[in-house]
file structure.cif (mmCIF, C-alpha atoms and all ligand atoms)
data_structure
#
loop_
_atom_site.label_atom_id
_atom_site.label_comp_id
_atom_site.auth_asym_id
_atom_site.auth_seq_id
_atom_site.Cartn_x
_atom_site.Cartn_y
_atom_site.Cartn_z
CA MET A 1 -20.97 2.41 3.80
CA ARG A 2 -20.47 6.01 4.88
CA ASP A 3 -18.54 6.88 8.02
CA SER A 4 -19.59 9.70 10.33
CA GLU A 5 -17.74 12.19 8.09
CA GLY A 6 -19.74 11.05 5.06
CA ARG A 7 -16.79 9.26 3.45
CA ASN A 8 -17.66 6.21 1.36
CA ILE A 9 -15.61 3.26 2.64
CA GLU A 10 -15.25 0.81 -0.23
CA TYR A 11 -11.74 -0.52 -0.05
CA VAL A 12 -9.76 -2.65 2.42
CA ARG A 13 -6.02 -3.10 2.60
CA VAL A 14 -5.19 -6.45 4.11
CA SER A 15 -1.73 -6.89 5.54
CA ILE A 16 -1.06 -10.62 5.64
CA THR A 17 2.37 -10.72 7.28
CA ASP A 18 4.89 -8.57 9.10
CA LYS A 19 7.74 -10.52 7.49
CA CYS A 20 9.82 -9.19 4.65
CA ASN A 21 12.72 -10.30 2.49
CA LEU A 22 14.04 -6.70 2.37
CA ARG A 23 14.95 -4.15 5.04
CA CYS A 24 14.10 -0.75 3.53
CA LEU A 25 15.62 2.05 5.57
CA TYR A 26 12.32 3.88 6.08
CA CYS A 27 10.35 0.78 7.03
CA MET A 28 12.36 -1.79 9.00
CA PRO A 29 15.49 -1.82 11.12
CA GLU A 30 18.44 -3.79 9.79
CA ALA A 31 18.45 -6.42 12.51
CA GLY A 32 16.62 -7.55 15.62
CA VAL A 33 13.13 -7.67 14.12
CA GLU A 34 10.85 -9.98 16.06
CA TYR A 35 8.10 -11.43 13.93
CA MET A 36 4.63 -12.26 15.18
CA PRO A 37 4.07 -15.94 15.99
CA HIS A 38 2.26 -17.64 13.11
CA ASP A 39 -0.80 -18.60 15.18
CA GLU A 40 -1.39 -14.94 16.00
CA LEU A 41 -1.87 -14.18 12.31
CA LEU A 42 -5.31 -14.46 10.83
CA ASN A 43 -5.46 -17.56 8.68
CA TYR A 44 -6.70 -17.26 5.10
CA ARG A 45 -10.21 -18.50 5.89
CA GLU A 46 -10.52 -15.92 8.67
CA ILE A 47 -9.36 -13.17 6.30
CA GLN A 48 -11.84 -14.26 3.67
CA ARG A 49 -14.66 -14.32 6.22
CA ILE A 50 -13.89 -10.79 7.44
CA VAL A 51 -13.64 -9.47 3.87
CA SER A 52 -16.91 -11.16 3.03
CA CYS A 53 -18.60 -9.40 5.98
CA MET A 54 -17.15 -6.12 4.73
CA THR A 55 -18.75 -6.62 1.31
CA ARG A 56 -22.14 -6.36 3.07
CA LEU A 57 -21.12 -2.84 4.03
CA GLY A 58 -20.09 -1.87 0.51
CA VAL A 59 -16.42 -2.85 0.37
CA HIS A 60 -15.71 -4.22 -3.13
CA ALA A 61 -11.93 -3.97 -3.55
CA VAL A 62 -9.07 -5.61 -1.65
CA ARG A 63 -5.36 -4.98 -1.69
CA LEU A 64 -2.91 -7.43 -0.14
CA THR A 65 0.10 -5.88 1.48
CA GLY A 66 2.47 -6.49 4.37
CA GLY A 67 5.38 -6.78 5.23
CA GLU A 68 5.92 -8.53 1.95
CA PRO A 69 2.76 -10.42 1.01
CA MET A 70 4.69 -12.86 -1.18
CA ALA A 71 6.77 -13.80 1.88
CA ARG A 72 3.76 -15.61 3.32
CA ARG A 73 3.26 -19.10 1.97
CA GLY A 74 0.14 -19.59 -0.13
CA CYS A 75 -0.37 -15.88 -0.79
CA LEU A 76 -1.60 -16.60 -4.31
CA ASN A 77 -4.17 -19.05 -2.89
CA LEU A 78 -5.54 -16.15 -0.85
CA VAL A 79 -5.70 -14.03 -4.02
CA SER A 80 -7.84 -16.72 -5.58
CA MET A 81 -10.07 -17.09 -2.48
CA LEU A 82 -10.68 -13.34 -2.32
CA LYS A 83 -11.34 -13.04 -6.04
CA GLN A 84 -14.04 -15.68 -5.68
CA THR A 85 -15.64 -13.90 -2.72
CA GLU A 86 -19.06 -12.56 -3.64
CA GLY A 87 -19.03 -8.76 -3.76
CA ILE A 88 -15.30 -8.44 -4.43
CA ASP A 89 -14.58 -7.15 -7.91
CA ARG A 90 -10.91 -6.26 -7.62
CA VAL A 91 -7.93 -7.89 -5.94
CA ALA A 92 -4.62 -6.08 -6.04
CA MET A 93 -1.27 -6.48 -4.33
CA THR A 94 1.45 -4.12 -3.12
CA THR A 95 4.81 -5.85 -3.29
CA ASN A 96 8.51 -5.21 -3.56
CA GLY A 97 8.32 -7.54 -6.57
CA ILE A 98 11.32 -9.70 -5.80
CA LEU A 99 9.64 -12.95 -4.75
CA LEU A 100 7.11 -12.51 -7.53
CA ARG A 101 9.77 -12.84 -10.21
CA GLY A 102 8.79 -15.76 -12.45
CA ARG A 103 5.33 -16.03 -10.82
CA VAL A 104 3.36 -13.11 -12.22
CA ALA A 105 1.46 -15.26 -14.74
CA GLU A 106 0.48 -17.57 -11.88
CA ALA A 107 -0.71 -14.55 -9.87
CA ALA A 108 -2.77 -13.29 -12.80
CA ALA A 109 -4.28 -16.75 -13.27
CA ALA A 110 -5.20 -16.77 -9.57
CA GLY A 111 -7.25 -13.62 -10.20
CA LEU A 112 -4.89 -10.76 -9.41
CA ASP A 113 -6.07 -7.62 -11.23
CA ALA A 114 -3.37 -5.11 -10.44
CA LEU A 115 0.08 -4.79 -8.98
CA ASN A 116 1.72 -1.93 -7.16
CA ILE A 117 5.44 -2.54 -7.16
CA SER A 118 7.71 -0.52 -4.90
CA LEU A 119 10.82 0.81 -6.61
CA ASP A 120 12.75 3.80 -5.29
CA THR A 121 15.66 3.87 -7.72
CA LEU A 122 17.06 2.23 -10.85
CA ASP A 123 20.59 2.48 -9.54
CA PRO A 124 21.69 -1.00 -8.30
CA ALA A 125 24.02 0.38 -5.62
CA ILE A 126 21.49 2.87 -4.23
CA PHE A 127 18.77 0.20 -4.38
CA ARG A 128 20.96 -2.08 -2.30
CA GLN A 129 21.71 0.73 0.11
CA MET A 130 18.02 1.61 0.55
CA THR A 131 16.74 -1.96 0.82
CA ARG A 132 19.94 -3.17 2.52
CA CYS A 133 19.89 -6.42 0.53
CA GLY A 134 17.88 -6.34 -2.70
CA ASP A 135 18.80 -6.67 -6.38
CA VAL A 136 17.00 -4.10 -8.53
CA ASN A 137 17.15 -6.44 -11.55
CA ASP A 138 14.69 -8.81 -9.85
CA VAL A 139 12.20 -5.97 -9.50
CA LEU A 140 12.66 -4.84 -13.09
CA ALA A 141 12.11 -8.41 -14.33
CA THR A 142 8.84 -8.63 -12.38
CA ILE A 143 7.67 -5.30 -13.79
CA CYS A 144 8.26 -6.57 -17.34
CA GLU A 145 6.40 -9.82 -16.57
CA ALA A 146 3.47 -7.89 -15.14
CA VAL A 147 3.24 -5.66 -18.20
CA ASP A 148 3.46 -8.71 -20.47
CA CYS A 149 0.61 -10.36 -18.51
CA GLY A 150 -1.57 -7.30 -19.08
CA LEU A 151 -1.87 -6.40 -15.38
CA ARG A 152 -2.45 -2.80 -14.40
CA VAL A 153 0.95 -1.81 -12.98
CA LYS A 154 1.84 1.12 -10.76
CA LEU A 155 5.31 1.73 -9.41
CA ASN A 156 5.59 3.37 -6.00
CA ALA A 157 8.66 5.39 -5.12
CA VAL A 158 9.53 7.04 -1.82
CA ALA A 159 12.04 9.87 -2.27
CA VAL A 160 14.51 10.34 0.56
CA ARG A 161 16.75 13.38 0.75
CA GLY A 162 20.39 12.52 0.13
CA LEU A 163 19.66 8.97 -1.03
CA ASN A 164 17.67 8.46 -4.24
CA GLU A 165 16.76 12.06 -5.12
CA GLY A 166 19.25 12.19 -8.01
CA GLY A 167 17.50 9.38 -9.91
CA LEU A 168 13.86 10.46 -9.70
CA CYS A 169 13.65 11.61 -13.34
CA ASP A 170 15.10 8.26 -14.50
CA LEU A 171 12.42 6.50 -12.48
CA ALA A 172 9.65 8.67 -13.91
CA ALA A 173 10.97 7.95 -17.40
CA LEU A 174 9.84 4.32 -17.00
CA ALA A 175 6.33 5.67 -17.56
CA ARG A 176 7.51 7.05 -20.90
CA GLU A 177 8.87 3.70 -22.06
CA MET A 178 6.23 1.35 -20.61
CA PRO A 179 2.47 1.37 -19.91
CA VAL A 180 2.99 1.83 -16.17
CA ASP A 181 2.26 4.70 -13.80
CA VAL A 182 5.13 5.93 -11.65
CA ARG A 183 3.94 7.41 -8.35
CA PHE A 184 5.84 9.35 -5.78
CA ILE A 185 4.74 8.67 -2.21
CA GLU A 186 5.87 11.19 0.35
CA LEU A 187 7.95 9.73 3.13
CA MET A 188 5.72 9.48 6.20
CA PRO A 189 6.99 10.12 9.72
CA VAL A 190 5.92 6.65 10.84
CA GLY A 191 8.24 4.04 12.40
CA CYS A 192 11.69 4.05 10.79
CA GLY A 193 10.59 6.88 8.48
CA LYS A 194 10.86 9.34 11.36
CA GLY A 195 14.63 9.62 11.21
CA LEU A 196 14.84 10.35 7.47
CA SER A 197 14.24 13.50 5.49
CA PRO A 198 11.52 13.58 2.80
CA VAL A 199 11.68 15.27 -0.59
CA PRO A 200 8.30 17.08 -0.84
CA ASN A 201 6.25 16.12 -3.87
CA ASP A 202 5.96 19.74 -5.06
CA GLU A 203 9.73 19.78 -5.43
CA ILE A 204 9.73 16.47 -7.33
CA ARG A 205 7.04 17.81 -9.64
CA GLN A 206 9.12 20.88 -10.45
CA ARG A 207 12.12 18.71 -11.22
CA LEU A 208 10.08 16.47 -13.53
CA GLU A 209 8.60 19.47 -15.33
CA ALA A 210 12.08 20.84 -15.89
CA ALA A 211 13.10 17.48 -17.39
CA PHE A 212 9.97 16.48 -19.33
CA GLY A 213 8.08 19.72 -19.99
CA PRO A 214 4.51 20.60 -18.92
CA MET A 215 2.59 17.81 -17.21
CA PRO A 216 -1.15 18.11 -17.86
CA TYR A 217 -3.46 16.80 -15.12
CA ILE A 218 -5.21 13.55 -16.05
CA ASP A 219 -8.59 13.38 -14.35
CA GLU A 220 -9.73 10.01 -15.67
CA ARG A 221 -6.75 8.26 -14.07
CA ARG A 222 -8.14 8.86 -10.59
CA GLY A 223 -8.84 5.44 -9.14
CA LEU A 224 -9.82 4.38 -5.65
CA GLY A 225 -6.71 5.93 -4.15
CA PRO A 226 -5.43 9.38 -3.27
CA ALA A 227 -2.93 9.74 -6.13
CA VAL A 228 -3.15 12.74 -8.45
CA TYR A 229 -1.95 12.00 -11.99
CA TYR A 230 -0.20 13.94 -14.76
CA ARG A 231 1.06 12.87 -18.17
CA PRO A 232 4.04 14.57 -19.78
CA GLU A 233 3.97 14.57 -23.57
CA GLY A 234 5.09 11.32 -25.16
CA PHE A 235 4.55 9.23 -22.03
CA MET A 236 2.68 5.90 -22.23
CA GLY A 237 1.84 5.94 -18.54
CA CYS A 238 1.30 8.70 -16.00
CA VAL A 239 3.29 10.25 -13.22
CA GLY A 240 1.39 10.30 -9.93
CA PHE A 241 1.80 11.99 -6.58
CA ILE A 242 0.56 10.78 -3.23
CA SER A 243 1.16 13.69 -0.92
CA ALA A 244 -0.18 12.48 2.41
CA VAL A 245 2.04 14.83 4.37
CA SER A 246 2.19 18.06 2.37
CA HIS A 247 -1.37 17.93 0.96
CA GLU A 248 -3.53 15.95 3.36
CA PHE A 249 -6.32 14.04 1.61
CA CYS A 250 -8.13 12.61 4.65
CA GLU A 251 -11.48 14.08 3.63
CA HIS A 252 -11.50 11.74 0.62
CA CYS A 253 -10.17 8.66 2.45
CA ASN A 254 -12.15 5.59 1.40
CA ARG A 255 -10.23 2.77 3.07
CA VAL A 256 -9.76 0.73 6.19
CA ARG A 257 -6.95 -1.68 7.03
CA LEU A 258 -6.77 -5.15 8.45
CA THR A 259 -3.48 -5.93 10.22
CA PRO A 260 -1.87 -9.40 10.13
CA GLU A 261 -3.14 -10.16 13.64
CA GLY A 262 -6.67 -9.11 12.77
CA GLN A 263 -7.02 -5.58 14.03
CA LEU A 264 -9.34 -3.47 11.92
CA LYS A 265 -7.46 -0.18 11.67
CA LEU A 266 -9.34 2.91 10.68
CA CYS A 267 -6.35 5.13 9.95
CA LEU A 268 -2.65 4.52 9.36
CA ASN A 269 -1.58 6.99 12.02
CA HIS A 270 -4.08 6.12 14.77
CA LEU A 271 -4.22 3.15 17.11
CA THR A 272 -8.03 3.25 17.08
CA GLY A 273 -9.45 -0.02 15.88
CA VAL A 274 -11.17 -3.22 16.80
CA ASP A 275 -9.80 -6.68 17.46
CA LEU A 276 -11.63 -8.75 14.85
CA ARG A 277 -9.50 -11.83 15.53
CA ALA A 278 -10.89 -11.97 19.08
CA LEU A 279 -14.43 -11.81 17.69
CA VAL A 280 -13.78 -14.41 14.98
CA ARG A 281 -12.03 -16.83 17.34
CA GLY A 282 -14.53 -16.13 20.09
CA GLY A 283 -17.34 -17.65 18.05
CA CYS A 284 -19.02 -14.46 16.84
CA ASP A 285 -21.51 -15.01 13.99
CA ASP A 286 -21.36 -13.10 10.69
CA ALA A 287 -24.12 -10.67 11.65
CA ALA A 288 -22.33 -9.65 14.87
CA LEU A 289 -18.99 -9.47 13.09
CA THR A 290 -20.45 -7.23 10.39
CA ASP A 291 -22.01 -5.07 13.08
CA ALA A 292 -18.68 -4.65 14.88
CA ILE A 293 -17.07 -3.57 11.60
CA ARG A 294 -19.93 -1.14 10.94
CA GLN A 295 -19.53 0.45 14.38
CA ALA A 296 -15.76 0.75 13.94
CA ILE A 297 -16.05 2.37 10.50
CA ARG A 298 -18.47 4.92 11.93
CA ASN A 299 -15.69 6.00 14.30
CA LYS A 300 -12.98 6.37 11.66
CA PRO A 301 -10.73 9.30 12.67
CA ARG A 302 -11.32 12.50 10.74
CA ARG A 303 -7.65 13.15 9.94
CA HIS A 304 -4.32 11.32 10.14
CA GLY A 305 -2.82 14.20 12.12
CA PHE A 306 0.82 13.47 11.24
CA ALA A 307 1.76 16.95 12.41
CA ASP A 308 -0.46 17.04 15.50
CA ALA A 309 -0.15 15.79 19.05
CA ILE A 310 -2.75 13.04 19.03
CA ASP A 311 -3.57 10.72 21.92
CA ASP A 312 -3.67 7.40 20.09
CA ARG A 313 -0.75 7.85 17.70
CA GLU A 314 0.48 4.71 15.95
CA SER A 315 4.02 3.85 16.96
CA ARG A 316 4.51 0.54 15.19
CA ARG A 317 6.70 0.23 12.14
CA MET A 318 5.19 0.20 8.68
CA HIS A 319 5.83 -3.50 8.01
CA ARG A 320 3.68 -4.32 11.09
CA ILE A 321 0.70 -2.16 10.24
CA GLY A 322 0.74 -2.68 6.49
CA GLY A 323 1.78 0.22 4.28
N1 LIG A 401 6.56 -4.97 0.96
C1 LIG A 401 5.62 -4.37 0.09
C2 LIG A 401 6.22 -3.19 -0.66
O1 LIG A 401 7.29 -2.74 -0.27
O2 LIG A 401 5.59 -2.75 -1.61
C3 LIG A 401 4.32 -3.97 0.75
C4 LIG A 401 4.40 -3.33 2.12
S1 LIG A 401 5.22 -1.76 2.18
C5 LIG A 401 5.08 -1.38 3.90
C6 LIG A 401 4.04 -0.75 1.33
C7 LIG A 401 4.52 0.59 0.89
O3 LIG A 401 4.79 1.36 2.04
C8 LIG A 401 5.81 0.58 0.05
O4 LIG A 401 5.56 1.21 -1.18
C9 LIG A 401 6.79 1.38 0.87
O5 LIG A 401 7.63 2.14 0.07
C10 LIG A 401 5.86 2.23 1.71
N2 LIG A 401 6.44 2.71 2.95
C11 LIG A 401 7.03 2.03 3.95
N3 LIG A 401 7.42 2.85 4.93
C12 LIG A 401 7.08 4.11 4.54
C13 LIG A 401 7.20 5.42 5.12
N4 LIG A 401 7.74 5.61 6.31
N5 LIG A 401 6.72 6.47 4.42
C14 LIG A 401 6.14 6.30 3.20
N6 LIG A 401 5.97 5.09 2.60
C15 LIG A 401 6.45 4.02 3.27
FE1 LIG A 402 9.73 -4.77 3.15
FE2 LIG A 402 8.01 -3.25 1.83
FE3 LIG A 402 8.96 -2.49 4.22
FE4 LIG A 402 10.59 -2.51 2.15
S1 LIG A 402 8.76 -1.24 2.38
S2 LIG A 402 11.03 -3.36 4.20
S3 LIG A 402 9.86 -4.20 0.98
S4 LIG A 402 7.67 -4.22 3.84
#
call {"tool": "encode", "arguments": {"input": "structure.cif", "output": "structure tokens", "more": "lines below"}}
Ligand code: SAM
Ligand code: SF4
result
Amino acid sequence: MRDSEGRNIEYVRVSITDKCNLRCLYCMPEAGVEYMPHDELLNYREIQRIVSCMTRLGVHAVRLTGGEPMARRGCLNLVSMLKQTEGIDRVAMTTNGILLRGRVAEAAAAGLDALNISLDTLDPAIFRQMTRCGDVNDVLATICEAVDCGLRVKLNAVAVRGLNEGGLCDLAALAREMPVDVRFIELMPVGCGKGLSPVPNDEIRQRLEAAFGPMPYIDERRGLGPAVYYRPEGFMGCVGFISAVSHEFCEHCNRVRLTPEGQLKLCLNHLTGVDLRALVRGGCDDAALTDAIRQAIRNKPRRHGFADAIDDRESRRMHRIGG
């Protein structure tokens, strides 16, 4: 359906947990994280029901995220339930990849179409520093499994000044060696990301061009998301840029988000939303639920307003709202 700005909303990101096996510097604090009680989370049937109502409004693609989606038990069962939901033609997952090691074939068999795997550096020591506890070899093994299974694979990297900026060309070079896209996501000033310094994507692009030569724009790579893609000569995959901060793309935004506790969020940076869990658990029928979603989508904020003083600014950390 179209929102009041005329944007076609066709994609929902479903965050299924606020838990994570890592503690990335820009996303979670090292200690003292209080997780939501399990009964406050939507169960998988409730998620499927909400997604099914959304398909009546034109949503046809779902991405599971978190926290770490694989940290919630039965995540691959949910993949299968969503894939079988009428009107859904694509189920994807955003993951740090670690708990998926050895299970990618199972995920593909459950119906997973595509994987976005977060990877900020190939350097084991810097990886450990940025995630506070992870082993980069687990992520690399999962990437190889995903490629072998024939899944569409995109790697997402967040560049942080003074941390991983020296290894960005090495990361991009994965797209030369393998059929994967490597995308640079600008650090957003949300939650723990506020205290860190971003490396703007224009600067990363210049560095990659210096290393790999001209990078022609690849129009046909544009998917449902905001990434802009380029392919240096000799690369199997593309290099992509998601520049939410330096080049706002709100006018093309096509997504809404469902948080683990069932809030329909209309924009990452705004609190505005509707409590779908209360409706579902309060006995609302599908027609009324669909109507509530329709009304909410109509009121989707026009812009994220990262740089503005906005009244309903999101203050939760990324693992709670679903990145
Ligand atoms: N745990 C999964 C993962 O890491 O892929 C899924 C959830 S994570 C919140 C989703 C994405 O959000 C990751 O690619 C992560 O790098 C990104 N992210 C987290 N905090 C961010 C921030 N402050 N700015 C930009 N991206 C951020
Ligand atoms: Fe966990 Fe993903 Fe946040 Fe890292 S970015 S702490 S992997 S939820």
call {"tool": "closest_residue", "arguments": {"input": "structure.cif", "among": "A:Gly191, A:Gly102, A:Gly87, A:Pro124", "to": "ligand LIG 402 (chain A)", "atoms": "only C-alpha atoms and all ligand atoms"}}
result
A:Gly191
call {"tool": "closest_residue", "arguments": {"input": "structure.cif", "among": "A:Gly166, A:Gly193, A:Pro179, A:Gly6", "to": "ligand LIG 402 (chain A)", "atoms": "all atoms listed in the file"}}
result
A:Gly193
call {"tool": "residues_near_ligand", "arguments": {"input": "structure.cif", "ligand": "ligand LIG 402 (chain A)", "cutoff": "9 Å", "atoms": "all atoms listed in the file", "output": "PyMOL selection string"}}
result
chain A and resi 18-29+65-69+94-98+118+130-131+317-320+322-323
call {"tool": "closest_residue", "arguments": {"input": "structure.cif", "among": "A:His60, A:Lys194, A:Arg132, A:Arg255", "to": "ligand LIG 401 (chain A)", "atoms": "only C-alpha atoms and all ligand atoms"}}
result
A:Lys194
call {"tool": "residues_near_point", "arguments": {"input": "structure.cif", "point": "(-20.9, -1.1, 9.9)", "cutoff": "9 Å", "atoms": "only C-alpha atoms", "output": "count of residues only"}}
result
15
call {"tool": "closest_residue", "arguments": {"input": "structure.cif", "among": "A:Tyr217, A:Tyr230, A:Phe212, A:Phe184", "to": "ligand LIG 401 (chain A)", "atoms": "only C-alpha atoms and all ligand atoms"}}
result
A:Phe184
call {"tool": "residues_near_point", "arguments": {"input": "structure.cif", "point": "(-11.6, -2.4, 5.2)", "cutoff": "6 Å", "atoms": "only C-alpha atoms", "output": "list in words"}}
result
Tyr11, Val12, Arg255, Val256 and Arg257 of chain A
call {"tool": "closest_residue", "arguments": {"input": "structure.cif", "among": "A:Ile218, A:Val104, A:Ala141, A:Ala244", "to": "Val158 in chain A", "atoms": "all atoms listed in the file"}}
result
A:Ala244
call {"tool": "closest_residue", "arguments": {"input": "structure.cif", "among": "A:Leu122, A:Leu196, A:Leu41, A:Ile47", "to": "Glu261 in chain A", "atoms": "all atoms listed in the file"}}
result
A:Leu41
call {"tool": "residues_around", "arguments": {"input": "structure.cif", "residues": "Gly111 in chain A", "least_positions_apart": "4", "cutoff": "12 Å", "atoms": "only C-alpha atoms", "output": "ChimeraX atom specification"}}
result
/A:62,75-85,88-93,104-107,115,149,151
call {"tool": "atom_distance", "arguments": {"input": "structure.cif", "atom1": "CA of Thr121 in chain A", "atom2": "CA of Gly240 in chain A"}}
result
15.8 Å
call {"tool": "atom_distance", "arguments": {"input": "structure.cif", "atom1": "CA of Asp113 in chain A", "atom2": "CA of Asp219 in chain A"}}
result
21.4 Å
call {"tool": "atom_distance", "arguments": {"input": "structure.cif", "atom1": "CA of Leu187 in chain A", "atom2": "CA of Glu251 in chain A"}}
result
19.9 Å
call {"tool": "residues_around", "arguments": {"input": "structure.cif", "residues": "Arg277 in chain A", "least_positions_apart": "4", "cutoff": "9 Å", "atoms": "all atoms listed in the file", "output": "PyMOL selection string"}}
result
chain A and resi 40-42+46+261-263+281-282
call {"tool": "write_last_selection", "arguments": {"input": "structure.cif", "atoms": "C-alpha atoms", "output": "short mmCIF file (atom, residue, chain, number, x, y, z; two decimals), keeping the file's coordinate frame"}}
result
data_model
loop_
_atom_site.label_atom_id
_atom_site.label_comp_id
_atom_site.auth_asym_id
_atom_site.auth_seq_id
_atom_site.Cartn_x
_atom_site.Cartn_y
_atom_site.Cartn_z
CA GLU A 40 -1.39 -14.94 16.00
CA LEU A 41 -1.87 -14.18 12.31
CA LEU A 42 -5.31 -14.46 10.83
CA GLU A 46 -10.52 -15.92 8.67
CA GLU A 261 -3.14 -10.16 13.64
CA GLY A 262 -6.67 -9.11 12.77
CA GLN A 263 -7.02 -5.58 14.03
CA ARG A 281 -12.03 -16.83 17.34
CA GLY A 282 -14.53 -16.13 20.09
#
call {"tool": "residues_around", "arguments": {"input": "structure.cif", "residues": "Ala125 in chain A", "least_positions_apart": "2", "cutoff": "12 Å", "atoms": "only C-alpha atoms", "output": "PyMOL selection string"}}
result
chain A and resi 120-123+127-137+163-164+167
call {"tool": "build_atoms", "arguments": {"input": "structure.cif", "residues": "range 180-197 of chain A", "atoms": "N, CA and C atoms", "output": "CSV table (one decimal), in the frame of the given file"}}
result
chain,number,residue,atom,x,y,z
A,180,VAL,N,3.1,1.9,-17.6
A,180,VAL,CA,3.0,1.8,-16.2
A,180,VAL,C,2.9,3.3,-15.6
A,181,ASP,N,2.3,3.4,-14.5
A,181,ASP,CA,2.3,4.7,-13.8
A,181,ASP,C,3.4,4.7,-12.8
A,182,VAL,N,4.1,5.8,-12.7
A,182,VAL,CA,5.1,5.9,-11.6
A,182,VAL,C,4.7,7.0,-10.6
A,183,ARG,N,4.5,6.5,-9.4
A,183,ARG,CA,3.9,7.4,-8.4
A,183,ARG,C,4.9,7.7,-7.3
A,184,PHE,N,4.9,8.9,-6.8
A,184,PHE,CA,5.8,9.4,-5.8
A,184,PHE,C,5.0,9.5,-4.5
A,185,ILE,N,5.4,8.7,-3.5
A,185,ILE,CA,4.7,8.7,-2.2
A,185,ILE,C,5.6,9.4,-1.2
A,186,GLU,N,5.1,10.4,-0.6
A,186,GLU,CA,5.9,11.2,0.4
A,186,GLU,C,6.2,10.3,1.6
A,187,LEU,N,7.5,10.4,1.9
A,187,LEU,CA,8.0,9.7,3.1
A,187,LEU,C,7.1,10.1,4.3
A,188,MET,N,6.6,9.2,5.0
A,188,MET,CA,5.7,9.5,6.2
A,188,MET,C,6.5,9.3,7.5
A,189,PRO,N,6.2,10.2,8.5
A,189,PRO,CA,7.0,10.1,9.7
A,189,PRO,C,6.4,9.0,10.6
A,190,VAL,N,6.4,7.8,10.1
A,190,VAL,CA,5.9,6.6,10.8
A,190,VAL,C,7.1,5.7,11.0
A,191,GLY,N,7.2,5.1,12.2
A,191,GLY,CA,8.2,4.0,12.4
A,191,GLY,C,9.6,4.5,12.0
A,192,CYS,N,10.3,3.7,11.2
A,192,CYS,CA,11.7,4.0,10.8
A,192,CYS,C,11.7,5.3,9.9
A,193,GLY,N,10.6,5.7,9.3
A,193,GLY,CA,10.6,6.9,8.5
A,193,GLY,C,10.8,8.2,9.2
A,194,LYS,N,10.7,8.1,10.6
A,194,LYS,CA,10.9,9.3,11.4
A,194,LYS,C,12.3,9.9,11.3
A,195,GLY,N,13.3,9.1,11.2
A,195,GLY,CA,14.6,9.6,11.2
A,195,GLY,C,15.2,10.1,9.9
A,196,LEU,N,14.3,10.0,8.8
A,196,LEU,CA,14.8,10.4,7.5
A,196,LEU,C,14.2,11.6,7.0
A,197,SER,N,14.8,12.2,6.0
A,197,SER,CA,14.2,13.5,5.5
A,197,SER,C,13.5,13.3,4.1
